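With mmCIF, C-alpha atoms inside, this is work-v3.cif:
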```
data_my_file
loop_
_atom_site.label_atom_id
_atom_site.label_comp_id
_atom_site.auth_asym_id
_atom_site.auth_seq_id
_atom_site.Cartn_x
_atom_site.Cartn_y
_atom_site.Cartn_z
CA MET I 180 0.00 0.00 0.00
CA SER I 181 1.21 3.50 -0.80
CA ASN I 182 2.04 5.77 2.12
CA GLN I 183 1.47 8.88 0.03
CA VAL I 184 -1.55 10.90 1.15
CA ARG I 185 -3.75 12.14 -1.66
CA GLU I 186 -4.59 15.83 -1.32
CA ILE I 187 -7.99 16.84 0.05
CA ILE I 188 -9.55 19.28 -2.42
CA GLU I 189 -12.85 20.05 -0.70
CA THR I 190 -14.94 19.32 2.36
CA LYS I 191 -18.61 18.79 1.59
CA ARG I 192 -21.26 19.34 4.26
CA PRO I 193 -25.04 19.10 3.99
CA LEU I 194 -26.49 21.50 1.44
CA SER I 195 -30.00 21.05 2.78
CA ARG I 196 -32.17 19.11 5.21
CA HIS I 197 -35.55 18.14 3.86
CA TRP I 198 -38.08 15.35 3.63
CA VAL I 199 -38.50 13.31 0.47
CA GLY I 200 -42.12 12.31 0.70
CA ASP I 201 -42.92 11.44 4.31
CA GLY I 202 -40.48 8.55 4.65
CA PHE I 203 -37.00 9.89 3.97
CA PRO I 204 -35.49 12.66 6.15
CA VAL I 205 -32.62 13.66 3.88
CA ARG I 206 -29.41 15.62 4.10
CA THR I 207 -28.11 16.37 0.60
CA LEU I 208 -24.29 16.38 0.70
CA PHE I 209 -23.85 17.34 -2.95
CA SER I 210 -25.93 17.76 -6.07
CA TYR I 211 -25.37 18.22 -9.80
CA ASP I 212 -26.75 21.78 -9.48
CA ALA I 213 -23.25 22.99 -8.55
CA GLY I 214 -19.86 21.62 -9.51
CA ALA I 215 -21.06 18.54 -11.40
CA ALA I 216 -17.74 18.25 -13.23
CA ASN I 217 -15.89 17.98 -9.90
CA THR I 218 -17.93 15.02 -8.64
CA SER I 219 -18.42 13.24 -12.01
CA PRO I 220 -19.66 10.56 -12.51
CA PHE I 221 -21.56 11.07 -9.24
CA LEU I 222 -24.45 13.52 -9.49
CA LEU I 223 -26.04 13.55 -6.05
CA PHE I 224 -25.52 12.16 -2.55
CA ASP I 225 -28.54 11.99 -0.23
CA TYR I 226 -28.11 10.73 3.32
CA ALA I 227 -31.43 9.73 4.87
CA GLY I 228 -31.42 9.40 8.63
CA PRO I 229 -30.49 8.23 11.10
CA HIS I 230 -34.10 8.59 12.21
CA LEU I 231 -36.41 6.65 14.51
CA PHE I 232 -39.83 5.97 13.00
CA GLU I 233 -42.88 5.08 15.05
CA PRO I 234 -45.09 2.19 13.91
CA THR I 235 -47.81 3.15 11.44
CA HIS I 236 -50.67 1.48 9.58
CA GLY I 237 -49.66 3.07 6.27
CA GLN I 238 -46.35 2.97 4.39
CA ARG I 239 -44.29 6.14 4.53
CA GLY I 240 -42.25 7.04 1.46
CA VAL I 241 -42.48 8.78 -1.88
CA GLY I 242 -44.97 7.96 -4.61
CA GLN I 243 -44.56 7.54 -8.35
CA HIS I 244 -41.99 9.81 -9.98
CA PRO I 245 -39.83 9.69 -13.15
CA HIS I 246 -36.11 9.58 -13.91
CA ARG I 247 -34.09 9.68 -17.12
CA GLY I 248 -30.38 9.75 -17.99
CA PHE I 249 -28.70 8.26 -14.91
CA GLU I 250 -28.78 5.55 -12.24
CA THR I 251 -29.95 5.56 -8.64
CA VAL I 252 -28.07 3.50 -6.05
CA THR I 253 -29.86 2.90 -2.75
CA ILE I 254 -27.89 1.43 0.17
CA VAL I 255 -29.85 0.50 3.30
CA TYR I 256 -28.15 0.42 6.71
CA ASP I 257 -31.23 0.31 8.99
CA GLY I 258 -34.87 -0.27 8.13
CA GLU I 259 -36.39 -1.59 4.92
CA VAL I 260 -37.22 0.03 1.56
CA ALA I 261 -39.71 -1.36 -0.96
CA HIS I 262 -39.25 -0.44 -4.63
CA LYS I 263 -41.54 -0.84 -7.63
CA ASP I 264 -41.05 0.53 -11.16
CA SER I 265 -42.59 0.77 -14.61
CA THR I 266 -40.45 -2.07 -16.02
CA GLY I 267 -42.19 -4.50 -13.67
CA GLN I 268 -39.19 -4.81 -11.39
CA GLY I 269 -39.27 -4.37 -7.66
CA GLY I 270 -38.39 -5.77 -4.30
CA VAL I 271 -37.61 -5.07 -0.67
CA ILE I 272 -34.13 -4.30 0.59
CA GLY I 273 -33.07 -4.35 4.22
CA PRO I 274 -29.86 -3.71 6.16
CA GLY I 275 -26.83 -4.48 3.99
CA ASP I 276 -28.80 -4.70 0.74
CA VAL I 277 -28.50 -2.44 -2.33
CA GLN I 278 -30.81 -1.45 -5.19
CA TRP I 279 -29.07 -0.29 -8.38
CA MET I 280 -31.68 1.12 -10.74
CA THR I 281 -30.74 2.25 -14.23
CA ALA I 282 -33.29 4.85 -15.33
CA ALA I 283 -31.54 5.33 -18.71
CA GLY I 284 -34.19 6.17 -21.35
CA GLY I 285 -36.93 6.61 -18.79
CA ILE I 286 -38.50 4.94 -15.79
CA ILE I 287 -41.20 5.65 -13.23
CA HIS I 288 -40.73 4.25 -9.76
CA GLU I 289 -41.89 4.53 -6.18
CA GLU I 290 -40.06 4.02 -2.89
CA PHE I 291 -41.76 3.27 0.42
CA HIS I 292 -40.92 1.72 3.74
CA SER I 293 -41.70 -1.98 3.51
CA PRO I 294 -45.03 -3.11 5.02
CA ALA I 295 -43.16 -5.00 7.75
CA PHE I 296 -40.99 -2.00 8.72
CA ALA I 297 -43.99 0.35 8.64
CA LYS I 298 -45.79 -1.94 11.07
CA THR I 299 -42.92 -2.26 13.56
CA GLY I 300 -41.15 1.08 13.11
CA GLY I 301 -37.59 1.45 14.31
CA PRO I 302 -34.27 3.02 13.31
CA PHE I 303 -33.84 4.02 9.67
CA ARG I 304 -30.69 4.95 7.75
CA MET I 305 -29.92 4.82 4.03
CA VAL I 306 -27.88 6.49 1.31
CA GLN I 307 -29.03 7.21 -2.22
CA LEU I 308 -26.51 8.11 -4.91
CA TRP I 309 -27.29 9.35 -8.39
CA VAL I 310 -24.68 8.10 -10.88
CA ASN I 311 -24.44 9.66 -14.32
CA LEU I 312 -24.55 7.71 -17.56
CA PRO I 313 -22.46 8.61 -20.63
CA ALA I 314 -24.37 10.08 -23.56
CA LYS I 315 -24.26 6.79 -25.46
CA ALA I 316 -26.14 5.04 -22.64
CA LYS I 317 -28.61 7.72 -21.57
CA MET I 318 -31.39 6.47 -23.86
CA SER I 319 -30.70 2.75 -23.42
CA GLN I 320 -33.18 0.32 -21.86
CA PRO I 321 -33.88 0.79 -18.14
CA GLY I 322 -32.64 -1.89 -15.76
CA TYR I 323 -32.68 -2.98 -12.15
CA GLN I 324 -30.19 -4.83 -9.95
CA GLY I 325 -31.39 -6.10 -6.59
CA ILE I 326 -28.20 -6.86 -4.64
CA THR I 327 -28.56 -8.65 -1.32
CA LYS I 328 -26.17 -8.52 1.60
CA ALA I 329 -25.16 -12.12 0.83
CA ASP I 330 -24.09 -11.06 -2.70
CA ILE I 331 -21.58 -8.50 -1.44
CA PRO I 332 -18.07 -9.71 -0.52
CA GLU I 333 -16.64 -8.48 2.77
CA VAL I 334 -12.91 -7.93 3.14
CA ALA I 335 -11.20 -7.84 6.54
CA LEU I 336 -8.86 -4.87 6.94
CA PRO I 337 -5.37 -5.42 8.39
CA GLU I 338 -4.73 -5.58 12.13
CA GLY I 339 -8.40 -5.74 13.07
CA ALA I 340 -9.05 -2.27 11.65
CA GLY I 341 -12.52 -3.22 10.42
CA THR I 342 -14.13 -4.42 7.21
CA ALA I 343 -14.89 -3.21 3.69
CA ARG I 344 -17.86 -4.51 1.70
CA VAL I 345 -17.28 -4.28 -2.04
CA ILE I 346 -20.55 -3.17 -3.67
CA ALA I 347 -18.98 -2.17 -6.99
CA GLY I 348 -15.52 -2.30 -8.49
CA GLU I 349 -12.65 -4.04 -6.74
CA PHE I 350 -10.96 -3.87 -3.36
CA ARG I 351 -7.89 -5.94 -2.41
CA GLY I 352 -8.71 -8.62 -4.96
CA SER I 353 -12.44 -8.89 -4.23
CA LYS I 354 -14.90 -7.75 -6.89
CA GLY I 355 -18.30 -6.25 -6.21
CA PRO I 356 -21.48 -7.64 -7.79
CA ALA I 357 -22.85 -4.37 -9.22
CA ARG I 358 -22.68 -3.91 -12.99
CA THR I 359 -21.66 -0.34 -13.80
CA ALA I 360 -21.77 1.63 -17.07
CA THR I 361 -18.39 3.24 -16.38
CA PRO I 362 -15.55 2.28 -14.01
CA ILE I 363 -16.75 2.80 -10.42
CA ASN I 364 -15.72 1.62 -6.96
CA LEU I 365 -18.17 1.67 -4.07
CA TRP I 366 -16.91 0.39 -0.71
CA ASP I 367 -19.00 0.21 2.47
CA VAL I 368 -16.37 0.52 5.21
CA ARG I 369 -16.65 -0.03 8.96
CA LEU I 370 -13.65 1.02 11.03
CA THR I 371 -12.95 0.06 14.62
CA ALA I 372 -11.76 2.60 17.18
CA GLY I 373 -8.06 3.38 16.65
CA ALA I 374 -7.97 1.97 13.11
CA ASP I 375 -5.24 3.35 10.85
CA VAL I 376 -5.80 2.33 7.23
CA THR I 377 -4.52 3.46 3.85
CA PHE I 378 -6.84 3.05 0.88
CA ASP I 379 -5.32 2.83 -2.58
CA LEU I 380 -7.38 4.81 -5.09
CA PRO I 381 -7.36 4.54 -8.90
CA GLU I 382 -5.30 7.20 -10.65
CA GLY I 383 -7.52 9.70 -12.48
CA HIS I 384 -10.71 8.78 -10.64
CA THR I 385 -12.91 11.22 -8.81
CA ALA I 386 -12.54 10.01 -5.21
CA MET I 387 -14.60 10.83 -2.13
CA ILE I 388 -14.91 9.49 1.39
CA ALA I 389 -18.26 10.05 3.09
CA VAL I 390 -18.47 9.77 6.87
CA LEU I 391 -21.87 8.41 7.87
CA ALA I 392 -21.16 7.85 11.56
CA GLY I 393 -18.28 8.51 13.93
CA HIS I 394 -15.27 10.77 13.46
CA VAL I 395 -12.12 10.13 11.43
CA THR I 396 -8.95 11.92 10.41
CA ILE I 397 -8.29 11.86 6.67
CA GLY I 398 -4.76 13.01 5.98
CA SER I 399 -4.47 15.74 8.62
CA GLN I 400 -8.12 16.89 8.61
CA GLY I 401 -10.97 15.74 10.82
CA PHE I 402 -14.33 14.69 9.40
CA GLY I 403 -17.54 13.85 11.25
CA GLU I 404 -21.02 12.59 10.48
CA ALA I 405 -22.54 13.71 7.15
CA GLU I 406 -19.28 15.15 5.84
CA ILE I 407 -17.40 14.20 2.66
CA ALA I 408 -13.73 14.57 1.80
CA ARG I 409 -13.30 15.11 -1.94
CA LEU I 410 -9.78 14.10 -2.94
CA ALA I 411 -7.46 14.96 -5.80
CA ARG I 412 -7.74 12.75 -8.87
CA THR I 413 -3.99 12.14 -8.87
CA GLY I 414 -1.62 10.87 -6.22
CA GLY I 415 -1.24 7.78 -4.10
CA GLY I 416 -3.54 6.37 -1.47
CA VAL I 417 -5.32 8.13 1.36
CA ARG I 418 -4.73 7.47 5.05
CA VAL I 419 -7.74 7.28 7.37
CA LYS I 420 -7.55 7.08 11.16
CA ALA I 421 -10.66 6.40 13.25
CA ASP I 422 -11.08 8.20 16.58
CA GLY I 423 -13.83 5.71 17.47
CA ASP I 424 -15.98 3.23 15.60
CA ALA I 425 -16.87 4.77 12.24
CA LEU I 426 -19.03 4.08 9.21
CA LEU I 427 -17.73 5.28 5.82
CA LEU I 428 -18.69 5.07 2.19
CA VAL I 429 -15.74 5.28 -0.21
CA LEU I 430 -16.65 6.12 -3.79
CA THR I 431 -14.40 6.51 -6.80
CA GLY I 432 -15.30 6.80 -10.46
CA GLU I 433 -13.85 7.62 -13.84
CA PRO I 434 -15.06 11.13 -14.73
CA ILE I 435 -17.44 11.49 -17.67
CA ALA I 436 -16.15 14.42 -19.72
CA GLU I 437 -19.54 15.50 -21.10
CA PRO I 438 -21.92 18.39 -20.36
CA VAL I 439 -24.37 17.89 -17.49
CA VAL I 440 -27.76 19.52 -17.99
CA GLY I 441 -30.34 18.65 -15.39
CA TYR I 442 -33.91 19.47 -14.54
CA GLY I 443 -35.13 17.79 -11.36
CA PRO I 444 -35.30 14.04 -12.04
CA PHE I 445 -33.85 14.30 -15.57
CA VAL I 446 -30.11 14.59 -16.27
CA MET I 447 -29.02 14.80 -19.90
CA ASN I 448 -26.38 16.58 -22.03
CA THR I 449 -28.44 19.39 -23.63
CA GLN I 450 -31.46 21.57 -22.89
CA ALA I 451 -33.18 20.09 -25.94
CA GLU I 452 -32.85 16.62 -24.43
CA ILE I 453 -34.36 17.90 -21.17
CA ARG I 454 -37.33 19.37 -23.05
CA GLN I 455 -37.77 16.03 -24.81
CA ALA I 456 -37.66 14.18 -21.46
CA VAL I 457 -40.37 16.42 -20.02
CA ASP I 458 -42.50 15.96 -23.15
CA ASP I 459 -42.01 12.18 -23.16
CA PHE I 460 -42.98 11.93 -19.49
CA ASN I 461 -46.05 14.14 -19.91
CA SER I 462 -47.07 12.11 -22.95
CA GLY I 463 -46.93 8.83 -21.02
CA ARG I 464 -43.91 7.39 -22.85
CA PHE I 465 -42.20 6.34 -19.60
CA GLY I 466 -44.81 3.65 -19.10
CA GLN I 467 -46.64 3.07 -15.86
CA ILE I 468 -46.40 1.02 -12.70
CA ALA I 469 -48.72 -1.97 -12.81
CA PRO I 470 -51.42 -1.84 -10.13
CA ALA I 471 -50.91 -4.15 -7.17
#
```
Translate this file's structure into structure tokens.
Amino acid sequence: MSNQVREIIETKRPLSRHWVGDGFPVRTLFSYDAGAANTSPFLLFDYAGPHLFEPTHGQRGVGQHPHRGFETVTIVYDGEVAHKDSTGQGGVIGPGDVQWMTAAGGIIHEEFHSPAFAKTGGPFRMVQLWVNLPAKAKMSQPGYQGITKADIPEVALPEGAGTARVIAGEFRGSKGPARTATPINLWDVRLTAGADVTFDLPEGHTAMIAVLAGHVTIGSQGFGEAEIARLARTGGGVRVKADGDALLLVLTGEPIAEPVVGYGPFVMNTQAEIRQAVDDFNSGRFGQIAPA
């Protein structure tokens, strides 16, 4: 492992706190509205929770809404999320599971707490990433990957420092199950108190470390809950020291050197493509979710 510390370019803190529907109390850590080229291929990072929900007879969440031009990646840490979309795909994911939905040419989906979680209530925590697609893939067929905890390899870090689950890409010889349109690494990392670990990062990749719980020192800077260190795209690895138990999400990706033009749930390359997306959605060309 390299001992070189990659330079920290930026510290990202929550842009906003808001509810998505009535089921997802979200802190947005970055969005494509500002600096999309710096975070490419990642468009948005929403951190929902941690939050304690009371039991309810109905399912909290967000109803039917469209997407085009990118992928959504939902990682559940606590609670359960039920998904259904206009391609007929769907399922429930719980702690440790991941949904990787490719909106591509257009999809309508809904996201709610599962019936079982709604009934019992309890702690809830999840992350949703939006990942851009290159122009050649933006109008391809939509897709869905339901990735269970059992599908995701877990790698022990040296000297009892913790573990890293490889959702996408590769880490220390283990490959993640997610299929990605462009080169991406997504590592779900748990560090034990006192851990001192160096992560090797691909040269040229956008690289970020998100702290979801605990406090760590990255290089010489401290980072706490709901903060992201955006690192230089060149250099060696990055050294992370945990002051106590910590939960991190490490994401790296090959930048997509194309224009980013977005309008709410649509992210394309030109304003004309956005107007077409709005027209296609309003005209019913995204399909519909089959009734239960």
Handout entry: Selected residue of minimal separation from Leu312 in chain I among I:Thr371, I:Thr359, I:Gln243, I:Ser399, counting all atoms listed in the file
Key = I:Thr359
Handout entry: Nearest to Asp424 in chain I by atom-to-atom distance, counting only C-alpha atoms, from I:Ala408, I:Leu370, I:Val334, I:Ala227
Key =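 Counting only C-alpha atoms, the residue closest to Asp424 in chain I is I:Leu370.
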Practice task
Show which residues sit within 12 Å of Ala405 in chain I, as a PyMOL selection string. Count only C-alpha atoms, and ignore same-chain residues fewer than 5 positions away.
Solution key: chain I and resi 190-196+205-209+224-229+304-306+388-395+425-428
Practice task
List the neighbours of Arg412 in chain I out to 10 Å using all atoms listed in the file; skip same-chain residues closer than 5 positions along the sequence, and give me the result as a VMD selection string.
Solution key: chain I and resid 185 to 188 217 380 to 387 431 to 434
Practice task
Go through the shown structure with the PyMOL selection byres ((chain I and resi 457-463) around 12) and write out the matching residues as JSON, numbers by chain.
Solution key: {"I": [244, 245, 246, 247, 265, 284, 285, 286, 287, 441, 442, 443, 444, 445, 446, 447, 450, 451, 452, 453, 454, 455, 456, 464, 465, 466, 467, 468]}
Exercise for the section: Would you mind telling me which residue in I:Gln278, I:Thr251, I:Ser219, I:Thr413 lies nearest to Ile326 in chain I when using all atoms listed in the file? Expected result: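 Of the candidates, the smallest distance to Ile326 in chain I is held by I:Gln278.
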Practice task
Work out how far CA of Ala329 in chain I is from CA of Pro302 in chain I, in Å to one decimal.
Solution key: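 Interatomic distance, CA of Pro302 in chain I to CA of Ala329 in chain I: 21.6 Å.
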Exercise for the section: Could you please determine the separation between CA of Phe291 in chain I and CA of Ile363 in chain I in Å, to one decimal place? Expected result: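 Straight-line distance from CA of Phe291 in chain I to CA of Ile363 in chain I works out to 27.3 Å.
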Fill in the blank from the handout: If you count all atoms listed in the file, the residue of I:Gly240, I:His288, I:Gly401, I:Lys420 closest to Gly267 in chain I turns out to be I:His288
Handout entry: Residue among I:Leu222, I:Val271, I:Val255, I:Val376 lying closest to Leu308 in chain I, counting all atoms listed in the file
Key =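 Among the listed residues, the smallest separation from Leu308 in chain I belongs to I:Leu222.
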Practice task
Go ahead and compute the interatomic distance for CA of Thr266 in chain I and CA of Trp198 in chain I, in Å to one decimal.
Solution key: 26.4 Å
Exercise for the section: Measuring atom to atom with only C-alpha atoms, identify which of I:Ala297, I:Leu410, I:Val199, I:Val252 is nearest to Ile346 in chain I. Expected result: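 Using only C-alpha atoms, Ile346 in chain I sits closest to I:Val252.
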Problem - Target residues per the PyMOL selection byres ((chain I and resi 340) around 9), formatted as an MDAnalysis selection string - result: chainID I and resid 335:339 341:342 369:376 421
Practice task
Show me as a ChimeraX atom specification the residues that reach within 9 Å of (-21.7, 19.7, -20.8), counting only C-alpha atoms and using the file's own coordinates.
Solution key: /I:216,436-440,447-449
